[in-house]
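Visitor: coords.cif (mmCIF, C-alpha atoms) pasted underneath:
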```cif
data_structure
loop_
_atom_site.group_PDB
_atom_site.id
_atom_site.type_symbol
_atom_site.label_atom_id
_atom_site.label_comp_id
_atom_site.auth_asym_id
_atom_site.auth_seq_id
_atom_site.Cartn_x
_atom_site.Cartn_y
_atom_site.Cartn_z
ATOM 1 C CA PRO A 522 76.190 171.306 123.733
ATOM 2 C CA LEU A 523 78.088 172.067 126.977
ATOM 3 C CA LEU A 524 80.840 169.554 126.207
ATOM 4 C CA HIS A 525 81.333 170.910 122.695
ATOM 5 C CA SER A 526 81.421 174.487 123.988
ATOM 6 C CA ILE A 527 84.032 173.738 126.666
ATOM 7 C CA ARG A 528 86.153 171.699 124.263
ATOM 8 C CA SER A 529 86.123 174.563 121.741
ATOM 9 C CA THR A 530 87.174 177.022 124.419
ATOM 10 C CA GLU A 531 89.934 174.700 125.640
ATOM 11 C CA GLU A 532 91.278 174.228 122.127
ATOM 12 C CA GLY A 533 91.584 178.013 121.963
ATOM 13 C CA TYR A 534 93.967 177.994 124.946
ATOM 14 C CA ASN A 535 96.338 175.836 122.890
ATOM 15 C CA ASP A 536 98.079 174.641 126.068
ATOM 16 C CA GLY A 537 97.684 170.888 125.793
ATOM 17 C CA SER A 538 94.527 170.662 127.890
ATOM 18 C CA LYS A 539 93.442 167.013 127.904
ATOM 19 C CA ILE A 540 91.015 166.277 130.737
ATOM 20 C CA ILE A 541 87.948 167.751 129.022
ATOM 21 C CA PHE A 542 88.550 165.393 126.091
ATOM 22 C CA LEU A 543 88.309 162.383 128.448
ATOM 23 C CA LEU A 544 84.859 163.344 129.732
ATOM 24 C CA THR A 545 81.381 162.827 128.307
ATOM 25 C CA GLU A 546 78.315 165.042 128.261
ATOM 26 C CA ALA A 547 76.909 162.882 131.109
ATOM 27 C CA ASP A 548 80.057 163.566 133.165
ATOM 28 C CA LEU A 549 79.584 167.316 132.706
ATOM 29 C CA ARG A 550 75.908 167.042 133.584
ATOM 30 C CA TYR A 551 76.891 165.262 136.810
ATOM 31 C CA LEU A 552 79.474 167.945 137.561
ATOM 32 C CA ALA A 553 77.022 170.792 136.914
ATOM 33 C CA GLU A 554 74.097 169.217 138.759
ATOM 34 C CA ASN A 555 75.709 167.435 141.694
ATOM 35 C CA ILE A 556 78.886 169.364 142.410
ATOM 36 C CA TRP A 557 77.701 172.864 141.425
ATOM 37 C CA GLY A 558 73.967 172.529 142.211
ATOM 38 C CA ALA A 559 72.846 173.289 138.629
ATOM 39 C CA GLN A 560 73.119 177.042 139.112
ATOM 40 C CA SER A 561 75.625 179.828 138.742
ATOM 41 C CA VAL A 562 77.764 180.014 141.841
ATOM 42 C CA LEU A 563 77.644 183.831 141.576
ATOM 43 C CA SER A 564 74.052 184.671 140.691
ATOM 44 C CA GLN A 565 72.230 181.372 141.375
ATOM 45 C CA TRP A 566 70.886 181.564 137.797
ATOM 46 C CA GLU A 567 69.406 178.145 136.901
ATOM 47 C CA ASP A 568 68.683 178.266 133.162
ATOM 48 C CA THR A 569 71.060 175.562 131.920
ATOM 49 C CA TYR A 570 71.201 177.086 128.440
ATOM 50 C CA ASP A 571 72.831 180.190 129.949
ATOM 51 C CA LEU A 572 75.376 178.279 132.073
ATOM 52 C CA THR A 573 78.888 177.112 131.328
ATOM 53 C CA LEU A 574 81.814 175.568 133.185
ATOM 54 C CA VAL A 575 84.961 177.673 132.783
ATOM 55 C CA ARG A 576 88.428 177.459 134.245
ATOM 56 C CA TRP A 577 88.643 178.817 137.770
ATOM 57 C CA ASN A 578 92.356 179.528 137.291
ATOM 58 C CA ARG A 579 92.932 180.270 133.637
ATOM 59 C CA ARG A 580 96.617 179.325 133.899
ATOM 60 C CA GLN A 581 95.784 175.688 134.709
ATOM 61 C CA GLU A 582 94.023 173.247 132.420
ATOM 62 C CA TRP A 583 90.262 172.823 132.724
ATOM 63 C CA SER A 584 89.300 169.983 135.051
ATOM 64 C CA PRO A 585 86.525 169.126 137.514
ATOM 65 C CA TRP A 586 88.857 170.607 140.162
ATOM 66 C CA ASN A 587 89.649 173.768 138.200
ATOM 67 C CA CYS A 588 86.301 174.979 136.945
ATOM 68 C CA VAL A 589 83.371 177.072 138.071
ATOM 69 C CA LEU A 590 79.734 177.107 136.912
ATOM 70 C CA LEU A 591 78.734 180.578 135.752
ATOM 71 C CA THR A 592 76.367 182.225 133.311
ATOM 72 C CA ASN A 593 77.910 182.933 129.923
ATOM 73 C CA GLU A 594 78.079 186.642 130.774
ATOM 74 C CA GLU A 595 79.698 185.972 134.167
ATOM 75 C CA ALA A 596 82.132 183.579 132.475
ATOM 76 C CA ARG A 597 83.280 186.273 130.050
ATOM 77 C CA ALA A 598 84.039 188.607 132.963
ATOM 78 C CA HIS A 599 85.638 185.803 135.019
ATOM 79 C CA SER A 600 87.960 184.836 132.164
ATOM 80 C CA LYS A 601 89.578 188.278 132.379
ATOM 81 C CA LEU A 602 90.636 187.776 136.010
ATOM 82 C CA THR A 603 94.278 186.945 136.625
ATOM 83 C CA LYS A 604 93.802 186.202 140.339
ATOM 84 C CA PRO A 605 90.230 185.046 141.034
ATOM 85 C CA GLU A 606 91.000 184.404 144.711
ATOM 86 C CA GLU A 607 91.756 188.099 145.191
ATOM 87 C CA ALA A 608 88.828 189.274 143.081
ATOM 88 C CA TYR A 609 86.216 187.175 144.882
ATOM 89 C CA GLY A 610 87.635 187.143 148.408
ATOM 90 C CA PRO A 611 88.375 184.354 150.884
ATOM 91 C CA VAL A 612 84.851 183.246 151.818
ATOM 92 C CA PHE A 613 83.690 182.821 148.228
ATOM 93 C CA THR A 614 87.002 181.192 147.289
ATOM 94 C CA GLN A 615 86.586 178.650 150.107
ATOM 95 C CA LYS A 616 83.228 177.629 148.637
ATOM 96 C CA ILE A 617 84.846 177.145 145.240
ATOM 97 C CA LYS A 618 87.776 175.143 146.650
ATOM 98 C CA TYR A 619 85.354 172.891 148.521
ATOM 99 C CA ARG A 620 83.527 172.120 145.258
ATOM 100 C CA HIS A 621 86.908 171.453 143.636
ATOM 101 C CA ILE A 622 87.703 168.924 146.363
ATOM 102 C CA LEU A 623 84.358 167.191 145.758
ATOM 103 C CA GLY A 624 84.976 167.187 142.001
ATOM 104 C CA LYS A 625 88.444 165.732 142.372
ATOM 105 C CA GLN A 626 87.250 163.054 144.789
ATOM 106 C CA TYR A 627 84.448 161.944 142.485
ATOM 107 C CA PHE A 628 86.175 162.148 139.107
ATOM 108 C CA SER A 629 89.518 160.719 140.227
ATOM 109 C CA SER A 630 87.724 157.435 140.911
ATOM 110 C CA MET A 631 86.800 157.115 137.224
ATOM 111 C CA PRO A 632 89.224 154.723 135.478
ATOM 112 C CA LYS A 633 89.807 157.008 132.481
ATOM 113 C CA LEU A 634 90.730 159.949 134.716
ATOM 114 C CA ALA A 635 92.577 157.889 137.328
ATOM 115 C CA ASP A 636 94.810 156.546 134.559
ATOM 116 C CA TYR A 637 95.450 160.047 133.177
ATOM 117 C CA MET A 638 96.110 161.445 136.660
ATOM 118 C CA SER A 639 98.591 158.711 137.539
ATOM 119 C CA LYS A 640 100.582 159.518 134.372
ATOM 120 C CA ASN A 641 100.353 163.304 134.812
ATOM 121 C CA LEU A 642 100.707 163.900 138.534
ATOM 122 C CA GLU A 643 102.195 167.369 138.172
ATOM 123 C CA SER A 644 99.416 168.677 135.951
ATOM 124 C CA VAL A 645 96.658 167.516 138.287
ATOM 125 C CA ASN A 646 98.320 168.439 141.561
ATOM 126 C CA MET A 647 95.786 170.549 143.393
ATOM 127 C CA PRO A 648 97.266 172.296 146.386
ATOM 128 C CA LEU A 649 94.772 172.437 149.198
ATOM 129 C CA PRO A 650 94.019 175.808 150.746
ATOM 130 C CA SER A 651 95.802 176.452 154.056
ATOM 131 C CA ASN A 652 92.516 176.010 155.889
ATOM 132 C CA ALA A 653 91.462 172.896 153.931
ATOM 133 C CA GLU A 654 91.048 170.800 157.044
ATOM 134 C CA LYS A 655 88.698 173.387 158.531
ATOM 135 C CA VAL A 656 86.727 173.568 155.269
ATOM 136 C CA MET A 657 86.625 169.787 154.735
ATOM 137 C CA TYR A 658 85.781 168.906 158.325
ATOM 138 C CA GLY A 659 83.445 171.781 159.096
ATOM 139 C CA GLY A 660 85.779 173.332 161.666
ATOM 140 C CA LYS A 661 86.020 170.066 163.624
ATOM 141 C CA LYS A 662 89.170 168.186 164.426
ATOM 142 C CA LYS A 663 90.250 165.659 161.828
ATOM 143 C CA GLU A 664 89.285 162.794 164.156
ATOM 144 C CA GLU A 665 85.734 164.174 164.308
ATOM 145 C CA LYS A 666 85.085 164.071 160.572
ATOM 146 C CA ILE A 667 81.703 165.204 159.418
ATOM 147 C CA SER A 668 80.079 163.025 156.804
ATOM 148 C CA LEU A 669 79.224 164.434 153.417
ATOM 149 C CA PRO A 670 75.985 163.366 151.776
ATOM 150 C CA PRO A 671 76.618 160.783 149.073
ATOM 151 C CA LEU A 672 76.865 162.114 145.533
ATOM 152 C CA THR A 673 73.967 160.850 143.471
ATOM 153 C CA GLU A 674 74.085 159.688 139.897
ATOM 154 C CA ALA A 675 72.971 162.178 137.267
ATOM 155 C CA LYS A 676 69.741 161.272 135.531
#
```
Spit out the file's structure as structure tokens when you get a sec.

Guide:
Amino acid sequence: PLLHSIRSTEEGYNDGSKIIFLLTEADLRYLAENIWGAQSVLSQWEDTYDLTLVRWNRRQEWSPWNCVLLTNEEARAHSKLTKPEEAYGPVFTQKIKYRHILGKQYFSSMPKLADYMSKNLESVNMPLPSNAEKVMYGGKKKEEKISLPPLTEAK
């Protein structure tokens, strides 16, 4: 259901989006449950039938590092934004970018995506926010890395 919905939406962009077609329903379930906490990042709504993963930046292809979990209604409003970073503000955007980093770390280790990424470096290049080190290391110096809890397998 979610995979089919996202693929249909991506086909509508007609921009050569490929990553969503490399993923399975189980991959999306992992992304929704473990990276996004199985709830809308805006409203904390938890009914999975009302949730979808849409492009964070609509000018870049959908990927685990360019998506956001929202309700269908929130997604419709979000899709109209040309600059989500400005619309949502820096604090909210930092939370999104952190989830994008987690998504990229996890999914880039999958052979099917690692192969695609190595052949398409420009399309998957994700510039880190200027304060990425502060976000990733919890405000500590790089040498004092904080440890993230391990990502668990989706059931």

Visitor: Excluding Gln626 of chain A and its own-chain neighbours fewer than 5 positions away, which residues fall within 10 Å of it when counting all atoms listed in the file? Please give them as a list in words.

Guide: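 Near neighbours after the sequence-gap exclusion: Pro585, Trp586, Arg620, His621 and Met631 of chain A.
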
Visitor: Taking only C-alpha atoms into account, name the residue in A:Val575, A:Ala547, A:Leu623, A:Met638 that is nearest to Lys601 of chain A.

Guide: A:Val575

Visitor: For Gln565 of chain A, which residue among A:Leu543, A:Leu552, A:Leu590, A:Ala608 is the nearest when counting only C-alpha atoms?

Guide: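 Of all the options, A:Leu590 lies closest to Gln565 of chain A.
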
Visitor: Please determine, counting only C-alpha atoms, which residue among A:Asn587, A:Asn641, A:Asn535, A:Asn555 has the shortest atom-to-atom distance to Tyr627 of chain A.

Guide: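 Smallest separation from Tyr627 of chain A among the options: A:Asn555.
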
Visitor: Provide the atom CA of Lys604 of chain A to atom CA of Asp568 of chain A distance in Å, to one decimal place.

Guide: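 A separation of 27.3 Å between them.
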
Visitor: Using the chain letters and numbers from the file, give me the residues hit by the PyMOL selection byres ((chain A and resi 549) around 10), as a ChimeraX atom specification.

Guide: /A:523-524,527,541,544-548,550-556,573-574,585,675

Visitor: Atom CA of Ile622 of chain A and atom CA of Gly533 of chain A are how many Å apart?

Guide: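 One can read the atom CA of Ile622 of chain A to atom CA of Gly533 of chain A distance as 26.3 Å.
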
Visitor: If we count all atoms listed in the file and set the cut-off at 9 Å, which residues sit around Thr569 of chain A, ignoring sequence neighbours fewer than 2 positions away in its own chain? Please answer as a PyMOL selection string.

Guide: chain A and resi 559-560+566-567+571-573+592

Visitor: State, in Å with one decimal place, the distance from atom CA of Ser561 of chain A to atom CA of Pro611 of chain A.

Guide: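 Taking atom CA of Ser561 of chain A as the start and atom CA of Pro611 of chain A as the end point, the length is 18.2 Å.
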
Visitor: Specify the axis-aligned box that encloses all atoms of segment 635-642 of chain A listed in the file after padding of 8 Å on each side, stating its centre and edge lengths in Å to one decimal as AutoDock Vina command-line options.

Guide:
```
--center_x 96.6 --center_y 160.2 --center_z 135.9 --size_x 24.1 --size_y 23.4 --size_z 21.4
```

Visitor: Counting only C-alpha atoms, what is within 9 Å of Trp577 of chain A, bar same-chain residues fewer than 5 positions away, as an NGL selection string?

Guide: :A and (583 or 586-589 or 599-600 or 605 or 617)

Visitor: Using all atoms listed in the file, which of A:Arg580, A:Phe628, A:Ser564, A:Lys633 sits nearest Asp536 of chain A?

Guide: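 Of A:Arg580, A:Phe628, A:Ser564, A:Lys633, the one nearest Asp536 of chain A, counting all atoms listed in the file, is A:Arg580.
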
Visitor: Residue by residue, what does the PyMOL selection byres ((chain A and resi 582) around 9) grab here? Present the result as a list in words.

Guide: Glu531, Tyr534, Asp536, Gly537, Ser538, Lys539, Ile540, Ile541, Arg576, Asn578, Arg579, Arg580, Gln581, Trp583, Ser584, Asn587, Ser644 and Val645 of chain A

Visitor: Will you model N, CA and C atoms for segment 609-635 of chain A and pass it back as a PDB file, in the coordinates of the input?

Guide:
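This is the output file part_30.pdb:
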```
ATOM      1  N   TYR A 609      87.440 187.632 144.216  1.00  0.00           N
ATOM      2  CA  TYR A 609      86.216 187.175 144.882  1.00  0.00           C
ATOM      3  C   TYR A 609      86.299 187.186 146.400  1.00  0.00           C
ATOM      4  N   GLY A 610      87.485 187.145 146.955  1.00  0.00           N
ATOM      5  CA  GLY A 610      87.635 187.143 148.408  1.00  0.00           C
ATOM      6  C   GLY A 610      87.684 185.747 148.997  1.00  0.00           C
ATOM      7  N   PRO A 611      88.114 185.655 150.271  1.00  0.00           N
ATOM      8  CA  PRO A 611      88.375 184.354 150.884  1.00  0.00           C
ATOM      9  C   PRO A 611      87.138 183.483 151.129  1.00  0.00           C
ATOM     10  N   VAL A 612      86.037 184.063 151.517  1.00  0.00           N
ATOM     11  CA  VAL A 612      84.851 183.246 151.818  1.00  0.00           C
ATOM     12  C   VAL A 612      84.322 182.584 150.549  1.00  0.00           C
ATOM     13  N   PHE A 613      84.167 183.364 149.502  1.00  0.00           N
ATOM     14  CA  PHE A 613      83.690 182.821 148.228  1.00  0.00           C
ATOM     15  C   PHE A 613      84.687 181.794 147.694  1.00  0.00           C
ATOM     16  N   THR A 614      85.972 182.096 147.781  1.00  0.00           N
ATOM     17  CA  THR A 614      87.002 181.192 147.289  1.00  0.00           C
ATOM     18  C   THR A 614      86.968 179.872 148.042  1.00  0.00           C
ATOM     19  N   GLN A 615      86.704 179.899 149.336  1.00  0.00           N
ATOM     20  CA  GLN A 615      86.586 178.650 150.107  1.00  0.00           C
ATOM     21  C   GLN A 615      85.464 177.775 149.557  1.00  0.00           C
ATOM     22  N   LYS A 616      84.351 178.390 149.200  1.00  0.00           N
ATOM     23  CA  LYS A 616      83.228 177.629 148.637  1.00  0.00           C
ATOM     24  C   LYS A 616      83.636 176.963 147.329  1.00  0.00           C
ATOM     25  N   ILE A 617      84.389 177.684 146.520  1.00  0.00           N
ATOM     26  CA  ILE A 617      84.846 177.145 145.240  1.00  0.00           C
ATOM     27  C   ILE A 617      85.812 175.989 145.479  1.00  0.00           C
ATOM     28  N   LYS A 618      86.780 176.183 146.364  1.00  0.00           N
ATOM     29  CA  LYS A 618      87.776 175.143 146.650  1.00  0.00           C
ATOM     30  C   LYS A 618      87.112 173.883 147.203  1.00  0.00           C
ATOM     31  N   TYR A 619      86.080 174.048 148.001  1.00  0.00           N
ATOM     32  CA  TYR A 619      85.354 172.891 148.521  1.00  0.00           C
ATOM     33  C   TYR A 619      84.719 172.099 147.369  1.00  0.00           C
ATOM     34  N   ARG A 620      84.115 172.799 146.422  1.00  0.00           N
ATOM     35  CA  ARG A 620      83.527 172.120 145.258  1.00  0.00           C
ATOM     36  C   ARG A 620      84.619 171.447 144.425  1.00  0.00           C
ATOM     37  N   HIS A 621      85.786 172.062 144.356  1.00  0.00           N
ATOM     38  CA  HIS A 621      86.908 171.453 143.636  1.00  0.00           C
ATOM     39  C   HIS A 621      87.334 170.151 144.306  1.00  0.00           C
ATOM     40  N   ILE A 622      87.358 170.144 145.628  1.00  0.00           N
ATOM     41  CA  ILE A 622      87.703 168.924 146.363  1.00  0.00           C
ATOM     42  C   ILE A 622      86.684 167.832 146.053  1.00  0.00           C
ATOM     43  N   LEU A 623      85.398 168.176 146.080  1.00  0.00           N
ATOM     44  CA  LEU A 623      84.358 167.191 145.758  1.00  0.00           C
ATOM     45  C   LEU A 623      84.515 166.676 144.328  1.00  0.00           C
ATOM     46  N   GLY A 624      84.792 167.581 143.394  1.00  0.00           N
ATOM     47  CA  GLY A 624      84.976 167.187 142.001  1.00  0.00           C
ATOM     48  C   GLY A 624      86.156 166.253 141.831  1.00  0.00           C
ATOM     49  N   LYS A 625      87.253 166.575 142.497  1.00  0.00           N
ATOM     50  CA  LYS A 625      88.444 165.732 142.372  1.00  0.00           C
ATOM     51  C   LYS A 625      88.200 164.366 143.001  1.00  0.00           C
ATOM     52  N   GLN A 626      87.541 164.332 144.139  1.00  0.00           N
ATOM     53  CA  GLN A 626      87.250 163.054 144.789  1.00  0.00           C
ATOM     54  C   GLN A 626      86.395 162.169 143.879  1.00  0.00           C
ATOM     55  N   TYR A 627      85.352 162.731 143.319  1.00  0.00           N
ATOM     56  CA  TYR A 627      84.448 161.944 142.485  1.00  0.00           C
ATOM     57  C   TYR A 627      85.115 161.515 141.181  1.00  0.00           C
ATOM     58  N   PHE A 628      85.672 162.453 140.444  1.00  0.00           N
ATOM     59  CA  PHE A 628      86.175 162.148 139.107  1.00  0.00           C
ATOM     60  C   PHE A 628      87.489 161.374 139.126  1.00  0.00           C
ATOM     61  N   SER A 629      88.270 161.477 140.186  1.00  0.00           N
ATOM     62  CA  SER A 629      89.518 160.719 140.227  1.00  0.00           C
ATOM     63  C   SER A 629      89.266 159.229 140.412  1.00  0.00           C
ATOM     64  N   SER A 630      88.051 158.862 140.779  1.00  0.00           N
ATOM     65  CA  SER A 630      87.724 157.435 140.911  1.00  0.00           C
ATOM     66  C   SER A 630      87.317 156.814 139.577  1.00  0.00           C
ATOM     67  N   MET A 631      87.153 157.632 138.546  1.00  0.00           N
ATOM     68  CA  MET A 631      86.800 157.115 137.224  1.00  0.00           C
ATOM     69  C   MET A 631      88.058 156.566 136.565  1.00  0.00           C
ATOM     70  N   PRO A 632      88.017 155.329 136.059  1.00  0.00           N
ATOM     71  CA  PRO A 632      89.224 154.723 135.478  1.00  0.00           C
ATOM     72  C   PRO A 632      89.922 155.589 134.429  1.00  0.00           C
ATOM     73  N   LYS A 633      89.160 156.216 133.543  1.00  0.00           N
ATOM     74  CA  LYS A 633      89.807 157.008 132.481  1.00  0.00           C
ATOM     75  C   LYS A 633      90.556 158.211 133.043  1.00  0.00           C
ATOM     76  N   LEU A 634      90.033 158.812 134.108  1.00  0.00           N
ATOM     77  CA  LEU A 634      90.730 159.949 134.716  1.00  0.00           C
ATOM     78  C   LEU A 634      91.815 159.491 135.678  1.00  0.00           C
ATOM     79  N   ALA A 635      91.563 158.409 136.408  1.00  0.00           N
ATOM     80  CA  ALA A 635      92.577 157.889 137.328  1.00  0.00           C
ATOM     81  C   ALA A 635      93.838 157.518 136.555  1.00  0.00           C
TER      82      ALA A 635
END
```
